Amino acid sequence: MRRLCTLVLACLLLSLTQPVATAHAATLTPTLASRMAAVLAAKTINYYPSNAGWTYLWTNFDPVRVDTDLARAATLGATDVRAVIFPQTFGYPTPTSAYAQKLSQFVGIAGAHGLSVKLTLFDWWSNYSDVAGSTTWAQAIVGPYANDPRVIAVEVKNEIQPGDAAAISWAGQVIPAIRSTAPAMPLTLSVDGGSGATGMASLKSQLAGTPLDYYDFHFYGASERSLAEIRRAQNAVTPSPIVIGETGVSTYSGTEGEQAAYLARVFRAAGVAGVGSVAPWTLNDFASGAIPPNSVVSTMPAQYKFGLYRTDTSAKISAGVVSGAWTTGTTPNTILNLGFEAAAIDSPWRNYLPAAGTAVITTEQPRTGARSARFSGTTRSGSNLPSLLTSPITPVQGGQAWHAEAYARGINATGITEIALSWFDINGTWLSQAEVVGDDISEAAPQLDSTTNQWVVSLDFKSEGQTKWAGLTRKAFQAGATEPCYIAASAFGSSGEVHCSVAVVLDKTVISAPQIQAVLTGKSQITGDFDAVSAKQLADQLNFGAIPVTFQAGPAQTITATVGSQQLEAGLLAAAIGLGLVAVYAFFYYRLLGLVIFLSLFLSALLTFGALVFLGRSIGFTLTLAGIVGFIVSLGVAADSFVIYFERLKDEIHEGRSPRSAVPRAWQRAKRTILSANAITIMCAVVLYIVSIGQVQGLAFALGLSTVLDLLVVFLFRHPIMTVLASTKAFLSPRVSGLGRVLRSSPTEESVSSRVKEA
């Protein structure tokens with residue numbers, strides 16, 4: 001029974017198609033101008049049935065499903081539908097009557113729902129050498145609709161390649177032929193998203209002799225930059241108009257909320273740019289097997305999930321966005337889900353660095369509403385933290401003032417919490433370059449102003465830095481009332497003169513933002529509520545930024561003074577115990593040589609302490625618990641070099657040499673091993689310092705520093721003292737020197753000489 005009803009309805013649709021077309025042709029003849037007006041305002045939907053994509057639309061043509069889908073599109077607010085036609089499917093170079101009838105049915109069904117049709121003629125086409133056949137086929141397809149107001153435009157070729165000379169030559173010949181058949185039909189070409197504005201400009205230049213009526217821009221780039229990209233496309237073909245013939249994003253790898261926000265940004269950007277026609281790709285998701293297997297598209301999972309509707313015809317949140325844009329001209333900010341209230345599938349928030357930690361939406365600690373996002377157990381990736389990202393749907397333009405708020409609350413939190421507002425240029429490059437950098441500063445110093453008796457920070461610049469600083473302060477001081485920094489400064493409610501501020505940024509953190517009171521061409525001062533400590537702190541931060549290689553501020557834990565002192569005491573105690581154990585073992589095993597070990601370690605400790613004092617006073621280096629660990633590890637490195645030397649000394653004595661002659665020979669052989677081992681340790685410390693952050697860098701720095709100092713002690717103290725000891729009587733005593741059995745069992749030089757002579 002269901003099959004019979006379907007057949008009857010299909011026949012009814014077929015019978016209605018041709019008379020409708022005839023009636024339109026007889027009563028209303030469109031002009032090029034009227035059609036262009038319709039094109040530029042069309043609310044176009046790209047369409048294939050969810051079970052029949054691309055050529056399957058026509059080979060498995062189902063008028064009942066088409067009718068249902070186009071009714072849904074009309075309810076959504078669409079006024080136009082795109083029909084893509086394939087020469088190899090319709091019959092080439094002469095279309096078959098059966099497929100011509102299917103196209104007529106499609107146009108009739110669309111018209112019954114108040115939808116006009118745009119035809120795309122050549123898709124999946126590369127036979128550019130057959131101009132005659134292409135012309136015959138195109139004229140046969142377009143001819144019946146030359147004066148039919150239901151068809152408003154023809155896209156001659158879908159996503160033509162501007163760099164393909166054969167394709168451009170073919171288009172230059174086919175376009176005039178179609179115009180001769182349908183002079184009132186607007187003609188266009190599209191380029192793919194990769195070609196973009198550059199491809200459109202090339203297309204316009206190459207087809208100057210056969211200009212298009214408008215240009216079809218397919219946009220699949222970052223939606224945050226959609227306004228800039230649309231304006232690029234407009235500038236590329238001006239004064240010709242453009243439409244956005246395809247745009248969208250798949251929900252295969254992202255959420256449906258991300259798709260909704262994407263389309264909202266594109267619609268808003270198009271409105272700002274004055275582009276009146278935006279066509280989402282596509283109405284429906286595709287079911288498995290719906291895309292012909294001879295197309296590479298069928299192998300791409302993302303291609304199945306671009307629809308506004310799922311395969312079961314249920315609407316995604318993006319359908320509401322498109323409907324609002326088409327019917328009311330508005331796209332609500334609520335789709336950004338700023339309070340985390342939406343279901344996960346409808347949220348546009350994106351996880352950044354999920355491998356380092358992801359957010360969990362919870363009912364704990366909400367600020368407004370009922371939900372919040374919770375991070376726990378996170379790690380870092382380089383200088384970055386895992387986070388949630390979102391972007392406004394209103395396009396960013398120069399001269400705007402933006403206000404953004406984010407709230408975070410730590411619950412037994414450790415480490416740091418960062419809230420960042422980032423800006424990107426049209427190419428997606430993060431705008432981080434400062435106009436004046438730390439290397440431009442000659443010196444920053446805390447001073448007590450003799451006039452006001454207030455602490456200030458004085459700044460001296462290098463010659464080139466002074467020029468840049470003067471330019472920056474001139475822009476800030478002379479900014480007009482319409483400029484963003486002036487508007488932002490005014491928002492703070494200053495009762496006096498309003499001037500822009502200059503942000504001083506260290507490690508992506510604003511450490512000071514003084515308001516510029518004049519164009520500063522010489523020595524400058526930063527004033528404020530400083531005391532001696534805070535003025536010195538800011539001056540130190542400015543000076544550190546002036547060093548080409550700096551110690552960067554790392555992650556910090558906020559702990560009490562008691563806990564901090566306990567950690568430091570525990571670290572120092574561990575270091576003392578480690579040093580003591582090494583000394584005990586050295587005296588037990590090496591006796592007199594153990595004294596050499598102990599004195600060497602003590603000297604290394606003194607040098608290390610001196611280095612720490614110097615670094616602390618010169619660049620503010622602070623010893624951390626991780627640094628103490630590095631120094632403890634270095635004890636093992638130092639002890640290892642002793643073992644290498646002394647065991648080599650034993651080997652030399654065992655081979656028959658006297659202690660006095662064995663010392664320099666053992667040193668020459670052990671020296672290479674000691675240098676190699678310490679070089680490897682230093683390289684490891686350098687690599688660890690470069691690739692790590694925070695406390696791990698402290699460990700790497702301490703390990704590298706102590707290893708370098710150990711080498712100095714080895715060469716400047718240990719070997720000279722061993723040379724001196726080798727000439728003493730105590731060194732010749734096995735019980736005192738620690739060489740023990742080696743000295744007792746080693747042959748004398750005379751006996752060795754005798755055996756050689758006897759042999």
# chains A, B, ... in the order shown; residues from 1 in each chain; ligands from 1
$ closest_atom_pairs --of "range 140-224 of chain A" --to "range 60-79 of chain A" --cutoff "12 Å" --atoms "only C-alpha atoms" --output "Markdown table"
| residue | atom | partner | partner_atom | distance |
| --- | --- | --- | --- | --- |
| A:Arg150 | CA | A:Thr79 | CA | 10.7 |
| A:Val151 | CA | A:Thr79 | CA | 11.8 |
| A:Ile152 | CA | A:Thr79 | CA | 11.2 |
$ residues_around --residues "Thr255 in chain A" --least-positions-apart "4" --cutoff "12 Å" --atoms "only C-alpha atoms" --output "CSV table (one decimal) with N, CA and C atoms, in the first residue's frame"
chain,number,residue,atom,x,y,z
A,249,VAL,N,31.0,23.8,8.4
A,249,VAL,CA,32.0,23.0,9.0
A,249,VAL,C,31.3,21.7,9.5
A,250,SER,N,32.1,20.6,9.4
A,250,SER,CA,31.6,19.3,9.8
A,250,SER,C,31.5,19.1,11.3
A,251,THR,N,30.5,18.4,11.7
A,251,THR,CA,30.4,18.0,13.1
A,251,THR,C,31.0,16.6,13.4
A,259,GLN,N,29.6,24.1,15.1
A,259,GLN,CA,29.1,24.3,13.7
A,259,GLN,C,28.1,25.5,13.8
A,260,ALA,N,27.3,25.6,14.8
A,260,ALA,CA,26.4,26.7,14.9
A,260,ALA,C,27.1,28.0,15.1
A,261,ALA,N,28.1,28.1,15.9
A,261,ALA,CA,28.9,29.3,16.1
A,261,ALA,C,29.6,29.7,14.8
A,262,TYR,N,30.1,28.7,14.1
A,262,TYR,CA,30.8,28.9,12.8
A,262,TYR,C,29.9,29.7,11.8
A,305,LYS,N,29.1,14.8,7.6
A,305,LYS,CA,28.5,15.5,8.8
A,305,LYS,C,28.4,17.0,8.6
A,306,PHE,N,28.2,17.5,7.5
A,306,PHE,CA,28.1,19.0,7.3
A,306,PHE,C,26.7,19.5,7.4
A,316,LYS,N,19.9,20.0,14.0
A,316,LYS,CA,21.0,20.4,14.8
A,316,LYS,C,20.8,21.8,15.3
A,317,ILE,N,21.6,22.3,16.2
A,317,ILE,CA,21.4,23.7,16.7
A,317,ILE,C,21.7,24.7,15.6
A,318,SER,N,22.6,24.3,14.6
A,318,SER,CA,22.9,25.2,13.5
A,318,SER,C,21.7,25.5,12.6
A,342,ALA,N,24.4,24.8,28.2
A,342,ALA,CA,24.0,24.0,27.1
A,342,ALA,C,24.5,22.5,27.3
A,343,ALA,N,23.8,21.6,26.6
A,343,ALA,CA,24.3,20.2,26.5
A,343,ALA,C,25.6,20.2,25.8
A,344,ALA,N,26.5,19.2,26.1
A,344,ALA,CA,27.8,19.2,25.6
A,344,ALA,C,27.8,19.2,24.0
A,345,ILE,N,26.9,18.6,23.4
A,345,ILE,CA,26.8,18.5,21.9
A,345,ILE,C,26.5,19.9,21.3
A,346,ASP,N,25.9,20.8,22.1
A,346,ASP,CA,25.5,22.1,21.6
A,346,ASP,C,26.4,23.2,22.0
A,347,SER,N,27.5,22.8,22.7
A,347,SER,CA,28.5,23.8,23.2
A,347,SER,C,29.6,24.1,22.2
A,348,PRO,N,29.9,25.4,21.9
A,348,PRO,CA,30.9,25.7,21.0
A,348,PRO,C,32.3,25.8,21.6
A,349,TRP,N,32.4,25.6,22.9
A,349,TRP,CA,33.7,25.7,23.6
A,349,TRP,C,34.6,24.5,23.1
A,350,ARG,N,35.8,24.9,22.8
A,350,ARG,CA,36.8,23.9,22.3
A,350,ARG,C,37.9,23.7,23.3
A,351,ASN,N,38.3,22.4,23.5
A,351,ASN,CA,39.4,22.1,24.4
A,351,ASN,C,40.7,22.3,23.7
$ atom_distance --atom1 "CA of Tyr215 in chain A" --atom2 "CA of Ala33 in chain A"
15.6 Å
$ atom_distance --atom1 "CA of Ser501 in chain A" --atom2 "CA of Thr473 in chain A"
8.8 Å
$ atom_distance --atom1 "CA of Ala373 in chain A" --atom2 "CA of Ala406 in chain A"
11.6 Å
$ residues_around --residues "Val643 in chain A" --least-positions-apart "3" --cutoff "10 Å" --atoms "only C-alpha atoms" --output "PyMOL selection string"
chain A and resi 586+590+597+638-640+646-649+670+674
$ select_by_dssp --residues "range 330-418 of chain A" --states "strand (DSSP E)" --output "ChimeraX atom specification"
/A:350-352,360-362,372-374,387-389
$ write_last_selection --atoms "C-alpha atoms" --output "PDB file, in the first residue's frame"
ATOM      1  CA  ARG A 350      36.790  23.909  22.297  1.00  0.00           C
ATOM      2  CA  ASN A 351      39.356  22.056  24.377  1.00  0.00           C
ATOM      3  CA  TYR A 352      42.904  23.292  23.860  1.00  0.00           C
ATOM      4  CA  VAL A 360      34.541  18.749  32.969  1.00  0.00           C
ATOM      5  CA  ILE A 361      31.212  20.573  33.065  1.00  0.00           C
ATOM      6  CA  THR A 362      29.879  20.324  36.600  1.00  0.00           C
ATOM      7  CA  SER A 372      30.813  25.647  35.640  1.00  0.00           C
ATOM      8  CA  ALA A 373      33.857  24.103  33.974  1.00  0.00           C
ATOM      9  CA  ARG A 374      36.341  22.317  36.215  1.00  0.00           C
ATOM     10  CA  SER A 387      42.159  25.408  28.464  1.00  0.00           C
ATOM     11  CA  LEU A 388      38.739  26.056  26.994  1.00  0.00           C
ATOM     12  CA  LEU A 389      38.578  28.362  23.969  1.00  0.00           C
TER      13      LEU A 389
END
$ residues_around --residues "Arg35 in chain A" --least-positions-apart "4" --cutoff "9 Å" --atoms "only C-alpha atoms" --output "ChimeraX atom specification"
/A:30-31,39-40,149,151-153,184-186
$ write_last_selection --atoms "N, CA, C and O atoms" --output "CSV table (one decimal), in the first residue's frame"
chain,number,residue,atom,x,y,z
A,30,PRO,N,11.7,37.0,-17.0
A,30,PRO,CA,12.7,37.6,-16.1
A,30,PRO,C,13.7,38.4,-17.0
A,30,PRO,O,13.9,38.1,-18.2
A,31,THR,N,14.3,39.4,-16.4
A,31,THR,CA,15.4,40.1,-17.0
A,31,THR,C,16.7,39.8,-16.3
A,31,THR,O,16.7,39.2,-15.2
A,39,VAL,N,19.5,36.8,-7.2
A,39,VAL,CA,20.7,36.1,-6.8
A,39,VAL,C,21.4,36.7,-5.6
A,39,VAL,O,21.8,36.0,-4.7
A,40,LEU,N,21.5,38.0,-5.6
A,40,LEU,CA,22.3,38.7,-4.5
A,40,LEU,C,21.5,38.7,-3.2
A,40,LEU,O,22.1,39.0,-2.1
A,149,PRO,N,11.3,32.1,-14.7
A,149,PRO,CA,11.8,32.9,-13.5
A,149,PRO,C,12.1,32.0,-12.3
A,149,PRO,O,12.7,32.5,-11.3
A,151,VAL,N,14.3,29.6,-12.3
A,151,VAL,CA,15.7,29.4,-12.3
A,151,VAL,C,16.4,30.8,-12.4
A,151,VAL,O,16.2,31.5,-13.4
A,152,ILE,N,17.2,31.1,-11.4
A,152,ILE,CA,17.7,32.5,-11.3
A,152,ILE,C,19.1,32.7,-11.7
A,152,ILE,O,19.6,33.8,-11.9
A,153,ALA,N,19.9,31.6,-11.8
A,153,ALA,CA,21.3,31.7,-12.2
A,153,ALA,C,21.9,30.4,-12.6
A,153,ALA,O,21.3,29.3,-12.3
A,184,ALA,N,19.5,36.5,-20.6
A,184,ALA,CA,19.0,37.1,-19.4
A,184,ALA,C,19.4,36.2,-18.1
A,184,ALA,O,18.9,36.5,-17.0
A,185,MET,N,20.2,35.2,-18.3
A,185,MET,CA,20.6,34.3,-17.2
A,185,MET,C,22.0,34.7,-16.7
A,185,MET,O,23.0,34.7,-17.4
A,186,PRO,N,22.0,35.1,-15.4
A,186,PRO,CA,23.3,35.4,-14.8
A,186,PRO,C,24.2,34.2,-14.7
A,186,PRO,O,23.8,33.1,-14.4
$ residues_around --residues "Glu443 in chain A" --least-positions-apart "2" --cutoff "8 Å" --atoms "only C-alpha atoms" --output "PyMOL selection string"
chain A and resi 441+445+459-461+543
$ closest_residue --among "A:Leu538, A:Ile242, A:Ala197, A:Val533" --to "Glu229 in chain A" --atoms "only C-alpha atoms"
A:Ala197
$ closest_residue --among "A:Tyr214, A:Phe598, A:Phe267, A:Tyr92" --to "Val243 in chain A" --atoms "only C-alpha atoms"
A:Tyr214
$ select_by_dssp --residues "range 2-218 of chain A" --states "helix (DSSP H, G or I)" --output "number ranges by chain"
A: 2-27, 32-41, 56-59, 63-76, 87-90, 97-112, 131-145, 165-181, 196-206
